[in-house]
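**Student:** One structure, as structure tokens, below. Some questions next.
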Amino acid sequence: MKVLKVTDPAFRKYGRVVENVDFAGLVEELKRTPIPSDVVYEPSVEVLEALPVMEELSRVIYGEMPIQIGYCNGHNVMLNALEYHRDSEINVAVRDAVLMLGLLTDVEEDHTYDTSRAEAFLVPAGTAVEVYATTLHYAPCHVEEGGFQVAVVLPRGTNYPLKGEHRKVSEAVSGRGISDEDAMLTAVNKWLIGHAEGGLPEGSFLGLKGKNLCLTED
């Protein structure tokens with residue numbers, strides 16, 4: 001799969017490189033977090049949120065909104081799914097990582113998405129990027145055998161378990177896709193479009209059409 005750099009002009013429609021925040025302390029602290037053989041995501045980590053960058057990110061990037069700092073670490077080379085939020089997400093790479101991204105505007109009316117539209121971008125170690133709310137994304141991919149370590153910054157409460165009742169995929173089916181976006185909500189502020197080969201839980205909306213993209217394949 002072709003991989004561009006986040007400094008490439010093609011990345012501009014998906015996000016931007018964040019250069020006005022000091023992430024050095026966060027990068028050093030995140031180096032201590034575990035790297036499993038699969039993928040682990042922690043939405044909020046107290047030791048990371050105790051760093052000065054917590055206040056700086058809330059003030060400078062999120063306009064004083066309450067935020068959380070967690071991480072996504074592990075080993076992965078597959079797309080498997082794409083998700084989106086109603087806000088931007090900040091990713092800070094401790095090790096080189098690749099993000100597979102798409103545009104929410106390319107999602108069809110029935111909420112399906114053709115994976116041939118997705119693009120891959122290298123986030124070099126020590127680099128922070130803002131992934132816009134209109135960008136589809138999911139777990140990073142590793143570049144080195146040692147895996148990836150990526151800090152994930154989002155508004156407070158994102159990706160936590162849902163409390164209310166929401167439509168089920170079986171109740172919102174319309175052809176191959178679904179008619180109701182609410183059935184895609186899998187966590188707070190998280191709408192998910194999965195691939196049939198992505199190993200997602202039963203009941204997930206499997207709206208990704210085409211190949212389950214692999215970083216190591218052409």
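Numbering starts fresh at 1 for the residues of each chain in the structure tokens, the chains themselves are lettered A, B, ... in the order given, and ligands are numbered from 1 as they appear.
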Excluding Val173 (chain A) and its own-chain neighbours fewer than 5 positions away, which residues fall within 12 Å of it when counting only C-alpha atoms? Please give them as number ranges by chain.
**Tutor:** A: 110-112, 167-168, 178-184, 203, 205-207
**Student:** To test your reading of the structure, identify every residue in region 22-115 of chain A that backbone DSSP assigns to strand (DSSP E), and report it as a ChimeraX atom specification.
**Tutor:** /A:39-42,67-74,81-84,89-93,97-103,113-114
**Student:** Keeping only N, CA and C atoms, take the residues you just selected and write them out as an mmCIF file, in the first residue's frame.
**Tutor:**
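Now in again.cif:
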data_model
loop_
_atom_site.group_PDB
_atom_site.id
_atom_site.type_symbol
_atom_site.label_atom_id
_atom_site.label_comp_id
_atom_site.auth_asym_id
_atom_site.auth_seq_id
_atom_site.Cartn_x
_atom_site.Cartn_y
_atom_site.Cartn_z
ATOM 1 N N VAL A 39 -3.613 -5.005 19.709
ATOM 2 C CA VAL A 39 -3.832 -3.561 19.865
ATOM 3 C C VAL A 39 -4.571 -3.311 21.176
ATOM 4 N N VAL A 40 -4.101 -2.336 21.941
ATOM 5 C CA VAL A 40 -4.779 -1.930 23.175
ATOM 6 C C VAL A 40 -5.068 -0.435 23.111
ATOM 7 N N TYR A 41 -6.248 -0.049 23.603
ATOM 8 C CA TYR A 41 -6.613 1.372 23.649
ATOM 9 C C TYR A 41 -7.076 1.726 25.047
ATOM 10 N N GLU A 42 -6.484 2.757 25.611
ATOM 11 C CA GLU A 42 -6.876 3.298 26.906
ATOM 12 C C GLU A 42 -7.299 4.748 26.693
ATOM 13 N N ILE A 67 -10.827 17.670 28.217
ATOM 14 C CA ILE A 67 -10.285 16.647 27.328
ATOM 15 C C ILE A 67 -9.768 15.450 28.122
ATOM 16 N N GLN A 68 -9.371 14.424 27.410
ATOM 17 C CA GLN A 68 -8.742 13.247 28.002
ATOM 18 C C GLN A 68 -7.529 12.879 27.157
ATOM 19 N N ILE A 69 -6.519 12.309 27.803
ATOM 20 C CA ILE A 69 -5.332 11.825 27.098
ATOM 21 C C ILE A 69 -5.163 10.341 27.417
ATOM 22 N N GLY A 70 -5.144 9.539 26.391
ATOM 23 C CA GLY A 70 -4.913 8.111 26.533
ATOM 24 C C GLY A 70 -3.916 7.661 25.501
ATOM 25 N N TYR A 71 -3.952 6.386 25.158
ATOM 26 C CA TYR A 71 -3.028 5.892 24.141
ATOM 27 C C TYR A 71 -3.613 4.691 23.412
ATOM 28 N N CYS A 72 -3.071 4.451 22.228
ATOM 29 C CA CYS A 72 -3.344 3.246 21.445
ATOM 30 C C CYS A 72 -1.990 2.663 21.066
ATOM 31 N N ASN A 73 -1.691 1.479 21.561
ATOM 32 C CA ASN A 73 -0.395 0.831 21.337
ATOM 33 C C ASN A 73 -0.592 -0.564 20.752
ATOM 34 N N GLY A 74 0.450 -1.077 20.119
ATOM 35 C CA GLY A 74 0.398 -2.472 19.697
ATOM 36 C C GLY A 74 1.018 -2.744 18.352
ATOM 37 N N ALA A 81 -11.608 -1.498 10.161
ATOM 38 C CA ALA A 81 -12.779 -0.645 10.377
ATOM 39 C C ALA A 81 -12.372 0.806 10.205
ATOM 40 N N LEU A 82 -13.366 1.678 10.163
ATOM 41 C CA LEU A 82 -13.137 3.122 10.176
ATOM 42 C C LEU A 82 -14.164 3.743 11.110
ATOM 43 N N GLU A 83 -13.745 4.748 11.862
ATOM 44 C CA GLU A 83 -14.637 5.419 12.786
ATOM 45 C C GLU A 83 -14.518 6.928 12.617
ATOM 46 N N TYR A 84 -15.453 7.642 13.233
ATOM 47 C CA TYR A 84 -15.357 9.102 13.252
ATOM 48 C C TYR A 84 -16.014 9.634 14.520
ATOM 49 N N GLU A 89 -9.354 14.766 16.646
ATOM 50 C CA GLU A 89 -8.569 13.899 17.519
ATOM 51 C C GLU A 89 -7.091 14.216 17.314
ATOM 52 N N ILE A 90 -6.345 14.330 18.407
ATOM 53 C CA ILE A 90 -4.909 14.555 18.330
ATOM 54 C C ILE A 90 -4.191 13.225 18.521
ATOM 55 N N ASN A 91 -3.314 12.885 17.595
ATOM 56 C CA ASN A 91 -2.469 11.689 17.693
ATOM 57 C C ASN A 91 -1.016 12.116 17.770
ATOM 58 N N VAL A 92 -0.293 11.573 18.752
ATOM 59 C CA VAL A 92 1.125 11.866 18.916
ATOM 60 C C VAL A 92 1.896 10.558 18.830
ATOM 61 N N ALA A 93 2.755 10.433 17.831
ATOM 62 C CA ALA A 93 3.484 9.186 17.615
ATOM 63 C C ALA A 93 4.772 9.160 18.431
ATOM 64 N N ALA A 97 4.463 5.525 12.954
ATOM 65 C CA ALA A 97 3.173 4.857 12.808
ATOM 66 C C ALA A 97 2.521 5.310 11.510
ATOM 67 N N VAL A 98 1.626 4.490 11.003
ATOM 68 C CA VAL A 98 0.896 4.813 9.779
ATOM 69 C C VAL A 98 -0.592 4.867 10.094
ATOM 70 N N LEU A 99 -1.244 5.914 9.622
ATOM 71 C CA LEU A 99 -2.692 6.063 9.753
ATOM 72 C C LEU A 99 -3.351 5.829 8.396
ATOM 73 N N MET A 100 -4.357 4.944 8.350
ATOM 74 C CA MET A 100 -5.187 4.781 7.160
ATOM 75 C C MET A 100 -6.410 5.666 7.337
ATOM 76 N N LEU A 101 -6.632 6.569 6.385
ATOM 77 C CA LEU A 101 -7.646 7.598 6.546
ATOM 78 C C LEU A 101 -8.593 7.664 5.353
ATOM 79 N N GLY A 102 -9.789 8.134 5.622
ATOM 80 C CA GLY A 102 -10.768 8.376 4.574
ATOM 81 C C GLY A 102 -11.535 9.647 4.903
ATOM 82 N N LEU A 103 -12.433 10.045 4.020
ATOM 83 C CA LEU A 103 -13.237 11.252 4.217
ATOM 84 C C LEU A 103 -14.688 10.886 4.513
ATOM 85 N N TYR A 113 -18.908 2.551 2.706
ATOM 86 C CA TYR A 113 -17.714 3.270 2.257
ATOM 87 C C TYR A 113 -16.828 2.308 1.480
ATOM 88 N N ASP A 114 -16.331 2.760 0.328
ATOM 89 C CA ASP A 114 -15.453 1.964 -0.522
ATOM 90 C C ASP A 114 -14.010 2.152 -0.053
#
**Student:** I want to know what sits within 10 Å of Gly157 (chain A), based on only C-alpha atoms, with residues of the same chain fewer than 6 positions away left out; could you give that as a PyMOL selection string?
**Tutor:** chain A and resi 43-44+66-68+187-189
**Student:** Compare A:Thr158, A:Glu144, A:Ala128, A:Val169 by their minimum atom-to-atom distance to Glu19 (chain A), counting only C-alpha atoms, and give me the closest one.
**Tutor:**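 The answer is A:Ala128, which sits nearest to Glu19 (chain A).
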**Student:** If we count only C-alpha atoms and set the cut-off at 10 Å, which residues sit around Tyr132 (chain A), ignoring sequence neighbours fewer than 3 positions away in its own chain? Please answer as JSON, numbers by chain.
**Tutor:** {"A": [12, 13, 14, 15, 16, 84, 85, 86, 87, 88, 89, 90, 103, 129, 135, 136, 137]}
**Student:** Just want the 7 Å neighbourhood of Val6 (chain A), counted on only C-alpha atoms, with same-chain residues fewer than 5 positions away dropped. Output as a compact mmCIF listing (two decimals) with all heavy atoms, in the first residue's frame.
**Tutor:**
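Output file selection_11.txt is given in full below:
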# COMPACT_ATOMS: atom_id res chain seq x y z
N PHE A 11 -2.36 15.28 2.68
CA PHE A 11 -2.84 15.09 4.05
C PHE A 11 -3.74 16.24 4.51
O PHE A 11 -4.50 16.10 5.47
CB PHE A 11 -1.65 14.96 5.00
CG PHE A 11 -2.03 14.71 6.44
CD1 PHE A 11 -2.62 13.52 6.84
CD2 PHE A 11 -1.81 15.69 7.41
CE1 PHE A 11 -2.98 13.29 8.16
CE2 PHE A 11 -2.16 15.48 8.74
CZ PHE A 11 -2.74 14.27 9.11
N PHE A 121 -0.86 7.37 5.64
CA PHE A 121 0.09 8.44 5.91
C PHE A 121 1.01 8.05 7.06
O PHE A 121 0.55 7.59 8.11
CB PHE A 121 -0.63 9.74 6.24
CG PHE A 121 -1.41 10.30 5.09
CD1 PHE A 121 -2.74 9.93 4.89
CD2 PHE A 121 -0.81 11.19 4.20
CE1 PHE A 121 -3.45 10.43 3.82
CE2 PHE A 121 -1.53 11.70 3.13
CZ PHE A 121 -2.84 11.32 2.94
N LEU A 122 2.29 8.31 6.87
CA LEU A 122 3.29 8.05 7.91
C LEU A 122 3.34 9.23 8.88
O LEU A 122 3.50 10.38 8.48
CB LEU A 122 4.67 7.86 7.27
CG LEU A 122 5.85 7.78 8.25
CD1 LEU A 122 5.76 6.52 9.11
CD2 LEU A 122 7.17 7.85 7.50
N VAL A 123 3.20 8.90 10.17
CA VAL A 123 3.39 9.88 11.24
C VAL A 123 4.73 9.55 11.90
O VAL A 123 4.83 8.58 12.65
CB VAL A 123 2.26 9.83 12.28
CG1 VAL A 123 2.41 10.97 13.29
CG2 VAL A 123 0.90 9.88 11.61
**Student:** Using only C-alpha atoms, determine which residues lie at most 8 Å from His195 (chain A), disregarding the query and same-chain residues fewer than 3 positions distant; provide the list as a list in words.
**Tutor:** Asn80, Ala81, Gly198, Gly199, Leu200, Leu206, Gly207, Leu208, Lys209 and Asn212 of chain A
**Student:** Between CA of Ala50 (chain A) and CA of Asp22 (chain A), what is the distance, to one decimal in Å?
**Tutor:** 14.6 Å
**Student:** Run DSSP on the backbone and give me the residues of region 74-160 of chain A it puts in helix (DSSP H, G or I), as JSON, numbers by chain.
**Tutor:** {"A": [104, 105, 106, 115, 116, 117]}
**Student:** Based on the selection just made, write all heavy atoms of those residues as a PDB file, in the first residue's frame.
**Tutor:**
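In the end it all went to result19.pdb:
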ATOM      1  N   LEU A 104     -15.240  11.520   5.515  1.00  0.00           N
ATOM      2  CA  LEU A 104     -16.639  11.290   5.856  1.00  0.00           C
ATOM      3  C   LEU A 104     -17.541  11.671   4.687  1.00  0.00           C
ATOM      4  O   LEU A 104     -18.598  11.074   4.492  1.00  0.00           O
ATOM      5  CB  LEU A 104     -16.996  12.096   7.108  1.00  0.00           C
ATOM      6  CG  LEU A 104     -18.392  11.911   7.690  1.00  0.00           C
ATOM      7  CD1 LEU A 104     -18.648  10.451   8.047  1.00  0.00           C
ATOM      8  CD2 LEU A 104     -18.568  12.803   8.914  1.00  0.00           C
ATOM      9  N   THR A 105     -17.119  12.632   3.908  1.00  0.00           N
ATOM     10  CA  THR A 105     -17.922  13.068   2.759  1.00  0.00           C
ATOM     11  C   THR A 105     -17.977  12.015   1.652  1.00  0.00           C
ATOM     12  O   THR A 105     -18.800  12.124   0.738  1.00  0.00           O
ATOM     13  CB  THR A 105     -17.368  14.380   2.184  1.00  0.00           C
ATOM     14  OG1 THR A 105     -15.959  14.258   1.974  1.00  0.00           O
ATOM     15  CG2 THR A 105     -17.624  15.532   3.136  1.00  0.00           C
ATOM     16  N   ASP A 106     -17.114  11.000   1.715  1.00  0.00           N
ATOM     17  CA  ASP A 106     -17.142   9.918   0.732  1.00  0.00           C
ATOM     18  C   ASP A 106     -18.001   8.737   1.193  1.00  0.00           C
ATOM     19  O   ASP A 106     -18.133   7.741   0.457  1.00  0.00           O
ATOM     20  CB  ASP A 106     -15.722   9.413   0.447  1.00  0.00           C
ATOM     21  CG  ASP A 106     -14.930  10.387  -0.414  1.00  0.00           C
ATOM     22  OD1 ASP A 106     -15.559  11.144  -1.180  1.00  0.00           O
ATOM     23  OD2 ASP A 106     -13.684  10.395  -0.319  1.00  0.00           O
ATOM     24  N   THR A 115     -13.374   1.079   0.384  1.00  0.00           N
ATOM     25  CA  THR A 115     -12.030   1.177   0.953  1.00  0.00           C
ATOM     26  C   THR A 115     -10.975   1.593  -0.063  1.00  0.00           C
ATOM     27  O   THR A 115      -9.878   2.008   0.329  1.00  0.00           O
ATOM     28  CB  THR A 115     -11.604  -0.155   1.592  1.00  0.00           C
ATOM     29  OG1 THR A 115     -11.570  -1.184   0.594  1.00  0.00           O
ATOM     30  CG2 THR A 115     -12.561  -0.562   2.700  1.00  0.00           C
ATOM     31  N   SER A 116     -11.278   1.516  -1.348  1.00  0.00           N
ATOM     32  CA  SER A 116     -10.313   1.947  -2.353  1.00  0.00           C
ATOM     33  C   SER A 116     -10.063   3.456  -2.285  1.00  0.00           C
ATOM     34  O   SER A 116      -9.074   3.955  -2.835  1.00  0.00           O
ATOM     35  CB  SER A 116     -10.788   1.570  -3.760  1.00  0.00           C
ATOM     36  OG  SER A 116     -11.964   2.286  -4.116  1.00  0.00           O
ATOM     37  N   ARG A 117     -10.933   4.179  -1.599  1.00  0.00           N
ATOM     38  CA  ARG A 117     -10.765   5.619  -1.447  1.00  0.00           C
ATOM     39  C   ARG A 117      -9.794   5.989  -0.322  1.00  0.00           C
ATOM     40  O   ARG A 117      -9.337   7.128  -0.236  1.00  0.00           O
ATOM     41  CB  ARG A 117     -12.120   6.276  -1.157  1.00  0.00           C
ATOM     42  CG  ARG A 117     -13.124   6.224  -2.315  1.00  0.00           C
ATOM     43  CD  ARG A 117     -14.428   6.868  -1.889  1.00  0.00           C
ATOM     44  NE  ARG A 117     -15.376   6.990  -2.984  1.00  0.00           N
ATOM     45  CZ  ARG A 117     -15.475   8.033  -3.798  1.00  0.00           C
ATOM     46  NH1 ARG A 117     -14.662   9.055  -3.639  1.00  0.00           N
ATOM     47  NH2 ARG A 117     -16.365   8.066  -4.767  1.00  0.00           N
TER      48      ARG A 117
END
**Student:** For a test of reading the model, state the distance in Å between CA of Val27 (chain A) and CA of Thr127 (chain A), rounded to one decimal.
**Tutor:**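 Pair CA of Val27 (chain A) / CA of Thr127 (chain A) returns 9.4 Å.
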**Student:** Between CA of Leu185 (chain A) and CA of Glu202 (chain A), what distance in Å does the model show, to one decimal?
**Tutor:**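 Going from CA of Leu185 (chain A) over to CA of Glu202 (chain A), I get 13.9 Å.
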**Student:** Using only C-alpha atoms, which of the listed residues (A:Pro34, A:Gly194, A:Gly164, A:Gly177) sits closest to Val150 (chain A)?
**Tutor:**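 Closest to Val150 (chain A), using only C-alpha atoms: A:Pro34.
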**Student:** Which residue out of A:Asp96, A:Glu165, A:Val18, A:Gly147 has the minimum interatomic distance to Thr33 (chain A) when only C-alpha atoms are used?
**Tutor:** A:Gly147
